[in-house]
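**Q** Below you'll find the structure I mean.
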Amino acid sequence: MSIDTIVLTLLCLFAEVLQGLPGRYFQLRKLHGFKADHEPQFTEKNFTQNLDHFNYNSMGNGTYDQRYLITDKYWKKGHGPIFFYTGNEGDIWDFALNSGFITELAAQQNALVIFAEHRYYGKSLPFGQESFNIPQVGLLTVEQALADYAVMIIELKRQLGATDCPVIVFGGSYGGMLSVYMRLRYPNVVAGALAASAPILSTAGMGDSRQFFHDVTSDFESQAPACRDAVQGAFQQLQDLAEHQDYRRIQSAFSLCRTPSSPKDVHQLNGLLRNAFTLMAMLDYPYSTHFWGNMPANPVKVACDTMLNGSDLLENLRNTAGIVYNSTGELTCFDLYSLYVECADPTGCGLGFNSLAWDYQACTEIELCYESNNVSDMFPPMAFTQRDREAYCSKRWGVIPRPRWLQTQYWGSALSTSSNIIFSNGDLDPWANGGVRKSLSSSLIAINISEGAHHLDLRESNDADPESVINARKTESDLIAQWVKMERMRSQGQKNHLY
């Protein structure tokens, strides 16, 4: 998500888990501590930002420090465009250091590059340690985040002598959703948007709740039909043991740190295992990565090879999950409740402050009512309905979700009156079918990447890149150059008209 959601964690402070420290590890996304693939080339700064853009009496008209990263290494000062990344659900350094296409493009087009951190994530905590108390957490909304970005762009352009520089926004997963929304809400501020792997439809309550885990399954089934059967068979064996309350056998089979003692513990184990397959499907890159832990090249293939290695399906399932949760091989046992926490996002919230922020967003504006059913997918039946969401969110945060609010606020699929947005999606990405897969007009362009996983096109160029992503980046580059040129002409024409 991830909007991204969505969108977007794994392996948070792995050494601390080994030492037995509670509550700090990894999951699908939303955590600090990612290992960057490259050394930084950005300068870290803070921007004094309004706490509440829409209520002049709220919180005493206070401000907070919003973190952003900036590099002018390639910028033709005062003339080159501004490439602005709309930060999503995590520490902004993690996205900056794993979105190398943006800086590659900046080198080609002489652009200034800014990565802005989303409020309530990373170090951009409006109320510090109290940010997730009620009512302080109530200022965590999509609308406030977009206003943060608009205010920052306008003010930094003024400070940097860049008032005539066109702005293009970029984002992946939930960050891609925000890029779309910036173009819809602030077309006076941004001239175009590249939204990579942005599930703007499914997170607005549109589509089939079974689609996501069906698409995770399809990745493994496409690798080897027997792989799906093996995974499904392993989960069935786990269910049989659970029905007979053979908890010691379950502990032994999955190397759990503690013996399960209830259906709740088995449900937790199912969630942890399902999450591992989700992550491998999302990150099915053709080369090893260190974005979310240490992921091998082609992890779906590695997973299927592991699942089909011998006849002990439970052992194979444990070892397959270990690709995600024990990539170093140093863990001696798996702690169910340290590795995975159930939340309002069935694809995982993670742990730590970032996970609290995403959980709150999934309880308010971001809809993630996805389910597995063991019919259209290979996972145990695990429902998460609107009623389930409402019950959880009311208890956890004291809020009642408003279904389809994003559809009302940000147009849903009725986007045809907008312009200058690229919707890129990889066919390997389980989030892809929650986004825009067909072009809507000559300037609302869908790019489908046949061998692409989750926002592969935003990553830096790699010798192992498939031809499809190379072509996608070329198309994106050409379109963005056109938009920059068009915006210059429009701005100049407006000036000529005024004077």
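Letters for chains follow the order of the structure tokens (A, B, ...), residue numbers begin at 1 for each chain, and ligand numbers begin at 1 in the order shown.
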Write out, as a tab-separated table, each residue of region 133-182 of chain A that has an atom at most 8 Å from region 101-120 of chain A, together with the closest pair of atoms and their distance in Å to one decimal, counting only C-alpha atoms, rows going by chain and rising number.

**A**
residue	atom	partner	partner_atom	distance
A:Leu140	CA	A:Tyr120	CA	6.8
A:Ala145	CA	A:Arg119	CA	6.3
A:Tyr149	CA	A:Ala116	CA	7.3

**Q** Write to file, as a PDB file, in the first residue's frame, the residues of the selection just made, with N, CA, C and O atoms.

**A**
ATOM      1  N   LEU A 140      -3.505  12.342  12.596  1.00  0.00           N
ATOM      2  CA  LEU A 140      -2.907  11.453  11.606  1.00  0.00           C
ATOM      3  C   LEU A 140      -3.972  11.107  10.566  1.00  0.00           C
ATOM      4  O   LEU A 140      -4.768  10.183  10.737  1.00  0.00           O
ATOM      5  N   ALA A 145      -1.532  14.915   5.915  1.00  0.00           N
ATOM      6  CA  ALA A 145      -0.249  14.575   5.289  1.00  0.00           C
ATOM      7  C   ALA A 145      -0.089  15.284   3.946  1.00  0.00           C
ATOM      8  O   ALA A 145       0.990  15.806   3.627  1.00  0.00           O
ATOM      9  N   TYR A 149       2.710  18.197   2.721  1.00  0.00           N
ATOM     10  CA  TYR A 149       3.562  18.165   1.529  1.00  0.00           C
ATOM     11  C   TYR A 149       3.373  19.425   0.687  1.00  0.00           C
ATOM     12  O   TYR A 149       4.343  19.991   0.173  1.00  0.00           O
TER      13      TYR A 149
END

**Q** Please report, as a ChimeraX atom specification, each residue of region 183-406 of chain A to which DSSP assigns strand (DSSP E or B) when run on this structure's backbone.

**A** /A:192-196,256,289,295,334,372,382

**Q** Next, the residues of the selection above should be written as a compact mmCIF listing (two decimals), in the first residue's frame with C-alpha atoms.

**A**
# COMPACT_ATOMS: atom_id res chain seq x y z
CA GLY A 192 2.44 15.32 -12.46
CA ALA A 193 2.70 12.11 -10.44
CA LEU A 194 4.37 8.73 -10.75
CA ALA A 195 2.38 6.32 -8.60
CA ALA A 196 4.15 2.97 -8.40
CA LEU A 256 8.31 -22.39 18.46
CA THR A 289 17.83 -7.09 -1.52
CA MET A 295 15.86 -11.41 0.86
CA PHE A 334 10.29 -18.58 16.70
CA SER A 372 -8.05 -15.78 2.78
CA MET A 382 -9.00 -16.06 7.91

**Q** Which is closest to Asn270 (chain A) among A:Val137, A:Leu51, A:Leu336, A:Ala344, if we use only C-alpha atoms?

**A**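 Using only C-alpha atoms, the shortest distance to Asn270 (chain A) belongs to A:Leu336.
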
**Q** CA of Asn50 (chain A) to CA of Asp148 (chain A): how many Å, to one decimal?

**A**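 Between these atoms lies a distance of 7.5 Å.
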
**Q** Quick one: residues within 8 Å of Thr364 (chain A), only C-alpha atoms counted, chain neighbours fewer than 5 positions away excluded, as a PDB file with C-alpha atoms, in the first residue's frame?

**A**
ATOM      1  CA  VAL A 399     -12.891   5.019  16.447  1.00  0.00           C
ATOM      2  CA  ILE A 400     -15.529   3.725  14.065  1.00  0.00           C
ATOM      3  CA  PRO A 401     -14.171   3.317  10.500  1.00  0.00           C
ATOM      4  CA  ARG A 402     -15.971   5.108   7.697  1.00  0.00           C
TER       5      ARG A 402
END

**Q** Determine which residues of region 256-361 of chain A DSSP labels as helix (DSSP H, G or I) from the backbone of this structure, then write them out as a ChimeraX atom specification.

**A** /A:263-282,299-307,313-325,336-339,352-361

**Q** Contacts of region 232-243 of chain A at 10 Å or less, counting only C-alpha atoms, minus same-chain residues fewer than 4 places along, as a PyMOL selection string?

**A** chain A and resi 217+226-228+247-250+253-254+260-263+265-267+269-270+273-274+307+312-318+374-375+377-380

**Q** Enter the distance from CA of Leu444 (chain A) to CA of Thr417 (chain A), in Å, rounded to one decimal.

**A**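 Going from CA of Leu444 (chain A) over to CA of Thr417 (chain A) covers 9.5 Å.
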
**Q** Do you know which residues are at most 8 Å from Thr347 (chain A) counting only C-alpha atoms, after dropping those on the same chain fewer than 2 positions away, and could you put them as a PyMOL selection string?

**A** chain A and resi 28+275+278+345+349
